[in-house]
Amino acid sequence: MEEIRKKWLKKWEEAKVFEAIPDSNKKKFFGTLPYPYVNSYLHLGHFYSSMRLEAFSRYKRMKGFNVLYAQGWHCTGSPIVNAAKRIAENEPIQVGILKKQGFSDDEIKKFADPKAWVEYFPPQAQADFTDMGYSIDWRRQFITTDLNPHYDKFIKWQFNKLKEKNYVVKGKFPVVWDPIENTPVGDHARLEGEGETPQEFILVKHKLDDKFLISATLRQDTILGITNLYVHPEIVYSIIETKGEKWILSEHTANNLKFQDYDVKKIGTIKGDELIGKKVEVVDGRKVLILPATFLNETFGTGLVHSVPSDSADDLIALYDLQKDEETCKKYGIDIEELKGVKPIGVLNTEGYGDIPAKKMLEKYNVKHQNERGKLDKIKKELYKLSYYNASFNHLYKDFFDKNIEGVKVEDGKEYIKEELMKMGWIDIYYQLTGKVVARSLGECLVKIVDNQWFLAYGDEDWTNKARECLDGMKLFPDKTRSQFNYVLGWLHNWACTRELGLGTKLPWDESWLIESLSDSTIYMAFYTINYKLKNIDSKKLDDAFFNYILLSEGDGNNLQLDKEIADELKEEFEYWYPMDFRTTGKDLIQNHMSFCIFNHVAIFPKKHWPKSFGLNGHVMVNGEKMSKSKGNFIIMRDALKNYGADASRFTALSGGEGIDDANFDTEMAKSIDIKLNQWIEFATQNYNKGRDEKKSIDEWMESQINLIGTDMTNFMEETLFRSALQKGYFDMQRALKWYMRRTNNNPNKDVMNKFIETQTIILAPFTPFICEEIWEKLGKDGFISITDWPEFEKPKESDLKSQVLEDTLKNTLEDISSVLKLAKIKKPSKIKIFISANWKYDFYSKLNEELKNSRNVGELIRIFSTDEKYRENIKEISTIIQKTVKSGKSIDKILSQDDELNNMQESIDFLVNIFNAEVEIMVAEKSDENKAKQARPGKVAILVE
RNA sequence: GCGGAAUUGCCGGAGUGGUCAAACGGAGCAGACUCAAAAUCUGUUGGCUUAGUGUCUACGCAGGUUCGAACCCUGCAUUCCGCACCA
């Protein structure tokens with residue numbers, strides 16, 4: 001096998017079979033796969049997705065398309081830079097990863113430079129694809145980032161274009177920040193806190209003389225229910241000056257604010273107990289008490305909170321506890337009677353919980369004291385969801401804001417309240433991490449607001465509408481992903497498209513920024529059409545005017561920095577290949593990359609160059625389990641090649657799944673397929689051009705099988721349903737072959753056998769190209785099977801169905817005989833009598849015909865075996881059969897004559913004799929012979945054993 | 001919570017209104033071949049059965065529509081994926 005593989009790789013390369021050259025006489029097919037990120041070897045996940053494109057490309061090529069299949073490599077982003085940095089620091093985990101991949105210590109050292117990754121992995125990935133027999137035009141491969149100056153220019157052009165159309169906007173954005181290294185910290189660069197993100201809190205001001213106490217909350221919806229404040233008596237709070245005001249909050253928060261667009265000047269401190277007992281003015285003008293609480297955490301929120309006992313069980317239980325605690329009240333000089341007068345203020349009507357849901361919750365969970373943290377945390381979560389989705393604002397919200405929002409759901413009014421309070425100056429925004437994040441510098445991270453961040457305005461209404469238009473015109477494989485796409489197109493809003501760190505292209509108008517990886521990979525497929533011809537052109541000559549001319553036909557091409565002739569050639573090639581006909585990848589990319597691809601195409605290109613179709617596939621499992629490094633079932637492509645061979649791996653991958661469901665790579669199957677493919681080489685070469693010339697009915701059956709199966713398979717190929725295609729085109733084909741060989745006593749008709757061998761080999765070629773090329777050559781065929789025409793399968797004819805029905809009847813008869821023999825416990829029967837009904841009712845068919853003409857405009861019938869009287873009466877049942885027949889697309893235009901039937905039957909009977917080694921007699925039951933005729937039924941024959 | 005997908009026999013997985021006790025594959029069982037194993041082939045894999053084109057129970061659960069539901073509708077339960085600035 002390995003020799004065969006190498007032989008054909010060499011031949012393909014020498015003949016440049018897969019180099020795509022524009023040919024205006026041929027229809028074209030341009031398929032792409034999102035370029036893989038090159039920080040490691042390619043694995044089965046890449047393999048499965050890419051095989052779908054590879055098989056489709058090969059199929060399309062055989063269908064007569066001029067196919068462009070190109071592949072690039074993605075280097076943009078931070079993972080490589082981060083990994084390189086970790087190697088430079090000799091970090092054990094990262095070093096271990098490379099060690100596991102088989103690198104020596106010396107080699108690993110080189111990976112301290114990000115460039116080393118970019119130089120090492122793309123050729124490896126190329127080798128993996130090539131070794132597996134991918135039909136890629138490698139002249140067109142490229143890497144991203146400014147390491148590739150031509151691509152760099154292309155991306156710059158793209159972003160200038162987007163900016164020109166006002167799709168790139170500037171704004172603020174919170175990032176996780178390491179204050180020691182002064183860098184943003186991505187998920188993978190953290191020692192602790194993977195998955196934690198910045199969360200927006202509302203800072204609420206509470207007026208105390210000339211200062212404000214600042215509390216933080218997620219629940220601005222309950223702001224009118226504030227009954228008091230809690231401060232920790234032992235915490236020393238900071239007094240700061242910011243925004244022209246004096247704020248009191250924890251020192252921790254004061255420090256964090258500095259990173260969030262606040263100009264912070266510390267002017268003093270105040271200990272919590274100095275505040276207790278005083279009163280502050282809250283947002284609605286009421287004066288409320290400041291109370292002591294020891295449950296407060298200095299590093300969470302602002303270190304002090306406002307209390308809404310109606311909708312916060314924590315606040316309520318704390319209030320209850322304090323009201324019982326006379327000693328503490330005395331200590332801080334709180335008027336106990338006044339404190340006891342503090343009652344929750346209902347602000348929301350919560351379905352099933354009334355207006356003081358916190359109280360009901362405490363009762364429900366039987367909470368007696370604020371120390372019962374477990375229960376209280378549970379309540380907090382439950383109540384938050386409940387309020388958000390099931391509660392509405394009560395009468396207090398009728399007049400308080402400009403708009404009356406009484407009765408409005410919290411979900412719908414929360415944002416409005418935020419805006420209003422913001423206008424009134426009572427609140428501000430503060431970001432806090434959802435959990436502790438420690439950077440690799442050991443610095444504890446905080447949230448920084450980046451204020452000159454650039455965004456792609458995917459929320460733009462016109463842009464979104466255009467994207468929807470594009471989607472509506474696209475074919476999706478499978479189409480059930482459409483609703484998901486539709487949802488995503490509407491849901492996407494501003495996408496931060498620039499980064500401070502990593503590899504990439506610099507933002508053309510602000511070179512301190514790099515273009516982010518998901519944003520530089522949206523329309524690059526256009527680059528495949530021209531890049532291989534750019535290699536000899538100085539990248540400096542590739543200005544925006546150049547791309548405008550080539551890709552958008554803007555300008556006359558006379559003032560470019562290169563010859564118009566060259567430019568025109570490029571332009572022509574782009575226009576030949578574009579639009580992209582097919583792009584396929586895993587389903588997880590629906591909500592970012594694939595949607596971005598639509599957005600950016602409609603933003604930049606005219607409608608005729610919008611993408612035509614997308615394919616989405618599931619994830620890959622190995623032997624039914626999720627592939628993961630920890631489970632030890634993580635398979636990289638080159639290992640699959642080594643262990644199972646290219647053809648078997650390809651076959652196994654594609655027969656492992658289709659559609660959006662997860663696919664399963666079954667290693668047992670890979671092994672057995674390898675054996676079966678070898679057997680097929682053997683069979684094909686040994687049986688070609690052999691056999692008899694005489695043509696029998698079974699030969700017609702075989703021909704019709706080839707036709708029927710081939711038709712079905714071709715339909716599956718068109719829909720990228722490769723598993724079904726293999727099911728038909730290989731397993732069903734082989735099953736038919738088995739039956740055929742058995743029926744002909746291994747003496748097939750020469751022409752039929754040749755046709756079968758050729759067909760089977762050709763239709764397997766997209767899946768297992770190496771052995772197919774080899775067989776093709778051994779059969780004495782000229783040229784490559786890779787570019788041989790896909791067979792034209794004829795529409796099923798009368799004869800197809802006739803022989804089909806006959807063979808099916810025969811198979812059924814065989815089965816019946818077996819079961820009768822079994823029941824009768826006879827091993828070697830001396831005689832088998834078969835009764836077959838002869839009274840085909842022509843009046844029955846005429847009724848059928850009539851029914852057909854009435855119901856549908858179809859003039860053809862399927863063949864029905866019948867003797868049963870009830871069919872003549874029961875028109876309803878007949879119409880059912882017709883319905884099904886029409887739906888299944890099967891048709892037959894004539895009814896067999898009974899003589900045909902019997903002649904063909906005789907041949908079958910001979911076969912039965914052979915099988916059972918007994919005397920077989922065919923008997924025709926006359927109408928008068930009721931007992932026997934009764935036993936013959938549609939599609940069946942009666943059997944009598946002696 | 002939102003959005004998407006799913007739930008079928010021992011397992012994987014077809015099937016989207018009647019030919020469904022349900023394709024195909026795997027696994028198991030029995031048999032053939034063999035000294036034996038592998039491979040291959042044949043049969044078989046819901047219950048009952050007077051053995052019949054019989055009958056009952058079945059396609060997550062509960063209802064509904066229909067002459068008829070694995071398939072359509074409603075509700076519920078469970079599982080998976082995504083919820084972003086990360087490739």
# chains A, B, ... in the order shown; residues from 1 in each chain; ligands from 1

call {"tool": "interface_residues", "arguments": {"of": "chain B", "to": "chain A", "cutoff": "9 Å", "atoms": "only C-alpha atoms (C1' of nucleotides)", "output": "PyMOL selection string"}}
result
chain B and resi 1+3-6+12+18-19+24+51+53+81-82+84-87

call {"tool": "residues_around", "arguments": {"residues": "U7 of chain B", "least_positions_apart": "3", "cutoff": "12 Å", "atoms": "only C-alpha atoms (C1' of nucleotides)", "output": "PyMOL selection string"}}
result
chain B and resi 59-61+70+77-80

call {"tool": "residues_around", "arguments": {"residues": "Ile673 of chain A", "least_positions_apart": "5", "cutoff": "8 Å", "atoms": "only C-alpha atoms (C1' of nucleotides)", "output": "PyMOL selection string"}}
result
chain A and resi 648+651-652

call {"tool": "select_by_dssp", "arguments": {"residues": "segment 44-191 of chain A", "states": "helix (DSSP H, G or I)", "output": "ChimeraX atom specification"}}
result
/A:44-62,79-88,92-100,105-110,114-131,138-140,149-164,187-189

call {"tool": "residues_around", "arguments": {"residues": "Ile290 of chain A", "least_positions_apart": "2", "cutoff": "8 Å", "atoms": "only C-alpha atoms (C1' of nucleotides)", "output": "PyMOL selection string"}}
result
chain A and resi 228-231+275-280+288+292

call {"tool": "residues_around", "arguments": {"residues": "A23 of chain B", "least_positions_apart": "5", "cutoff": "10 Å", "atoms": "only C-alpha atoms (C1' of nucleotides)", "output": "ChimeraX atom specification"}}
result
/B:13-15

call {"tool": "residues_around", "arguments": {"residues": "G17 of chain B", "least_positions_apart": "5", "cutoff": "8 Å", "atoms": "only C-alpha atoms (C1' of nucleotides)", "output": "short mmCIF file (atom, residue, chain, number, x, y, z; two decimals) with C-alpha atoms (C1' of nucleotides), in the first residue's frame"}}
result
data_model
loop_
_atom_site.label_atom_id
_atom_site.label_comp_id
_atom_site.auth_asym_id
_atom_site.auth_seq_id
_atom_site.Cartn_x
_atom_site.Cartn_y
_atom_site.Cartn_z
"C1'" A B 69 -48.27 8.49 14.17
"C1'" C B 71 -42.78 10.59 11.81
"C1'" C B 72 -47.39 16.32 12.56
#

call {"tool": "residues_around", "arguments": {"residues": "Lys246 of chain A", "least_positions_apart": "4", "cutoff": "9 Å", "atoms": "only C-alpha atoms (C1' of nucleotides)", "output": "list in words"}}
result
Asp210, Lys211, Phe212, Leu213, Ile239, Ile240, Glu241, Thr242 and Ile267 of chain A

call {"tool": "write_last_selection", "arguments": {"atoms": "N, CA and C atoms", "output": "PDB file, in the first residue's frame"}}
result
ATOM      1  N   ASP A 210     -20.999  66.314  51.892  1.00  0.00           N
ATOM      2  CA  ASP A 210     -20.418  66.680  50.602  1.00  0.00           C
ATOM      3  C   ASP A 210     -19.775  65.486  49.911  1.00  0.00           C
ATOM      4  N   LYS A 211     -19.977  64.313  50.503  1.00  0.00           N
ATOM      5  CA  LYS A 211     -19.355  63.119  49.910  1.00  0.00           C
ATOM      6  C   LYS A 211     -20.429  62.112  49.490  1.00  0.00           C
ATOM      7  N   PHE A 212     -19.949  61.072  48.784  1.00  0.00           N
ATOM      8  CA  PHE A 212     -20.854  59.968  48.411  1.00  0.00           C
ATOM      9  C   PHE A 212     -20.278  58.650  48.889  1.00  0.00           C
ATOM     10  N   LEU A 213     -21.117  57.847  49.510  1.00  0.00           N
ATOM     11  CA  LEU A 213     -20.715  56.460  49.745  1.00  0.00           C
ATOM     12  C   LEU A 213     -21.080  55.688  48.480  1.00  0.00           C
ATOM     13  N   ILE A 239     -11.113  57.887  50.842  1.00  0.00           N
ATOM     14  CA  ILE A 239     -11.895  59.001  50.296  1.00  0.00           C
ATOM     15  C   ILE A 239     -11.127  59.489  49.076  1.00  0.00           C
ATOM     16  N   ILE A 240     -11.792  59.470  47.952  1.00  0.00           N
ATOM     17  CA  ILE A 240     -11.087  59.881  46.728  1.00  0.00           C
ATOM     18  C   ILE A 240     -11.859  60.992  46.040  1.00  0.00           C
ATOM     19  N   GLU A 241     -11.097  61.659  45.199  1.00  0.00           N
ATOM     20  CA  GLU A 241     -11.742  62.663  44.363  1.00  0.00           C
ATOM     21  C   GLU A 241     -11.764  62.135  42.936  1.00  0.00           C
ATOM     22  N   THR A 242     -12.940  62.087  42.383  1.00  0.00           N
ATOM     23  CA  THR A 242     -13.044  61.660  40.991  1.00  0.00           C
ATOM     24  C   THR A 242     -14.281  62.288  40.380  1.00  0.00           C
ATOM     25  N   ILE A 267      -7.741  61.467  48.796  1.00  0.00           N
ATOM     26  CA  ILE A 267      -7.603  62.644  49.648  1.00  0.00           C
ATOM     27  C   ILE A 267      -7.757  62.318  51.124  1.00  0.00           C
TER      28      ILE A 267
END

call {"tool": "atom_distance", "arguments": {"atom1": "atom CA of Ile4 of chain A", "atom2": "atom CA of Asp137 of chain A"}}
result
21.2 Å

call {"tool": "atom_distance", "arguments": {"atom1": "atom C1' of G46 of chain B", "atom2": "atom C1' of U8 of chain B"}}
result
13.6 Å

call {"tool": "atom_distance", "arguments": {"atom1": "atom CA of Glu700 of chain A", "atom2": "atom CA of Arg743 of chain A"}}
result
12.2 Å

call {"tool": "select_by_dssp", "arguments": {"residues": "segment 132-370 of chain A", "states": "strand (DSSP E or B)", "output": "VMD selection string"}}
result
chain A and resid 143 168 to 178 183 to 184 190 to 192 198 to 208 211 to 217 228 to 231 236 to 242 245 to 249 265 to 271 279 to 281 287 to 292 304 to 307 348 to 350 354
